[in-house]
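Participant: The following block contains the structure, expressed as structure tokens.
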Amino acid sequence: MTMRKPPRLALALLERFVPDSAYLVGDLVEEYQRRPSRWRVWREVLAAIATAWFHRPDEIRPLRLVDLQPEDAIKRSRRFDLRMKPVNLTASPLAGIGGLATAVLALLATLVMPAAWWLIGLSILAGILLGFVMIAVHRNSPG
């Protein structure tokens, strides 16, 4: 009789994302050998990962290299999170809005106020002309 093994990826994810999951892995392997069901293994693994994710302690020393954590360590770490400013990686001029949302905003602007595109076009043209003037002035300056 061959021993059936549960999905290795599911067990690897469980060991990676759920702390102290050795007992749960053992129980899943035993249950899978009794009644093999990949669907049940994946369901249990995803439920364990979700539970571990939402019930994370406010522990800032995951390796527990020191006996006690300082009293103000959690406050300091939260203050550090507040100091970090988000970075806009979407290449959109509006933070938090991606390409599709920008296209929807442009469509809405076109439907609501089509004359606004003249203002936008003239501002772009004025910016380009100002750039040329600044370059010409800089080239002619004695510096």
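To be explicit about the labels: the chains of the structure tokens are called A, B, and onward in the order shown, and within each one the residues are counted from 1, while ligands get numbers from 1 in the order they are shown.
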Can you tell me which residues surround Lys5 of chain A at a distance of at most 12 Å, considering only C-alpha atoms, apart from same-chain residues fewer than 6 positions away, and format the answer as a PyMOL selection string?
Facilitator: chain A and resi 11+25-26+28-38+41
Participant: Residues of the last selection are to be written out with N, CA and C atoms, as a JSON list (two decimals), in the first residue's frame.
Facilitator:
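Full text of out-v7.json as output:
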```json
[["chain", "number", "residue", "atom", "x", "y", "z"],
["A", 11, "LEU", "N", 1.55, 22.52, 2.48],
["A", 11, "LEU", "CA", 2.30, 22.35, 3.74],
["A", 11, "LEU", "C", 3.43, 23.36, 3.85],
["A", 25, "VAL", "N", 0.58, 20.55, 10.94],
["A", 25, "VAL", "CA", 1.05, 19.80, 9.77],
["A", 25, "VAL", "C", 0.91, 18.30, 10.03],
["A", 26, "GLY", "N", 1.30, 17.86, 11.22],
["A", 26, "GLY", "CA", 1.18, 16.44, 11.56],
["A", 26, "GLY", "C", -0.27, 15.97, 11.52],
["A", 28, "LEU", "N", -2.72, 17.31, 9.79],
["A", 28, "LEU", "CA", -3.19, 17.31, 8.40],
["A", 28, "LEU", "C", -2.68, 16.09, 7.64],
["A", 29, "VAL", "N", -1.43, 15.71, 7.86],
["A", 29, "VAL", "CA", -0.87, 14.54, 7.17],
["A", 29, "VAL", "C", -1.60, 13.28, 7.62],
["A", 30, "GLU", "N", -1.85, 13.13, 8.92],
["A", 30, "GLU", "CA", -2.57, 11.95, 9.43],
["A", 30, "GLU", "C", -3.98, 11.87, 8.85],
["A", 31, "GLU", "N", -4.67, 13.01, 8.86],
["A", 31, "GLU", "CA", -6.04, 13.02, 8.35],
["A", 31, "GLU", "C", -6.06, 12.75, 6.85],
["A", 32, "TYR", "N", -5.06, 13.24, 6.12],
["A", 32, "TYR", "CA", -5.00, 13.01, 4.68],
["A", 32, "TYR", "C", -4.75, 11.53, 4.37],
["A", 33, "GLN", "N", -3.97, 10.88, 5.20],
["A", 33, "GLN", "CA", -3.71, 9.45, 4.98],
["A", 33, "GLN", "C", -4.96, 8.63, 5.25],
["A", 34, "ARG", "N", -5.78, 9.08, 6.20],
["A", 34, "ARG", "CA", -7.02, 8.36, 6.48],
["A", 34, "ARG", "C", -8.07, 8.61, 5.40],
["A", 35, "ARG", "N", -8.28, 9.90, 5.07],
["A", 35, "ARG", "CA", -9.26, 10.27, 4.07],
["A", 35, "ARG", "C", -8.63, 11.32, 3.15],
["A", 36, "PRO", "N", -8.06, 10.90, 2.02],
["A", 36, "PRO", "CA", -7.38, 11.86, 1.15],
["A", 36, "PRO", "C", -8.35, 12.81, 0.46],
["A", 37, "SER", "N", -8.16, 14.09, 0.74],
["A", 37, "SER", "CA", -8.96, 15.13, 0.10],
["A", 37, "SER", "C", -8.10, 16.39, 0.00],
["A", 38, "ARG", "N", -7.63, 16.66, -1.21],
["A", 38, "ARG", "CA", -6.79, 17.84, -1.41],
["A", 38, "ARG", "C", -7.56, 19.12, -1.10],
["A", 41, "VAL", "N", -7.48, 19.78, 2.61],
["A", 41, "VAL", "CA", -6.16, 20.22, 3.06],
["A", 41, "VAL", "C", -5.95, 21.70, 2.72]]
```
Participant: What's the separation between atom CA of Arg8 of chain A and atom CA of His55 of chain A, in Å to one decimal place?
Facilitator: 24.8 Å
Participant: In Å, rounded to a single decimal, give me how far atom CA of Ile120 of chain A is from atom CA of Leu108 of chain A.
Facilitator: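 Interatomic distance, atom CA of Leu108 of chain A to atom CA of Ile120 of chain A: 14.7 Å.
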Participant: For atom CA of Phe17 of chain A and atom CA of Ala73 of chain A, determine how far apart the two atoms are, in Å to one decimal place.
Facilitator: 23.6 Å
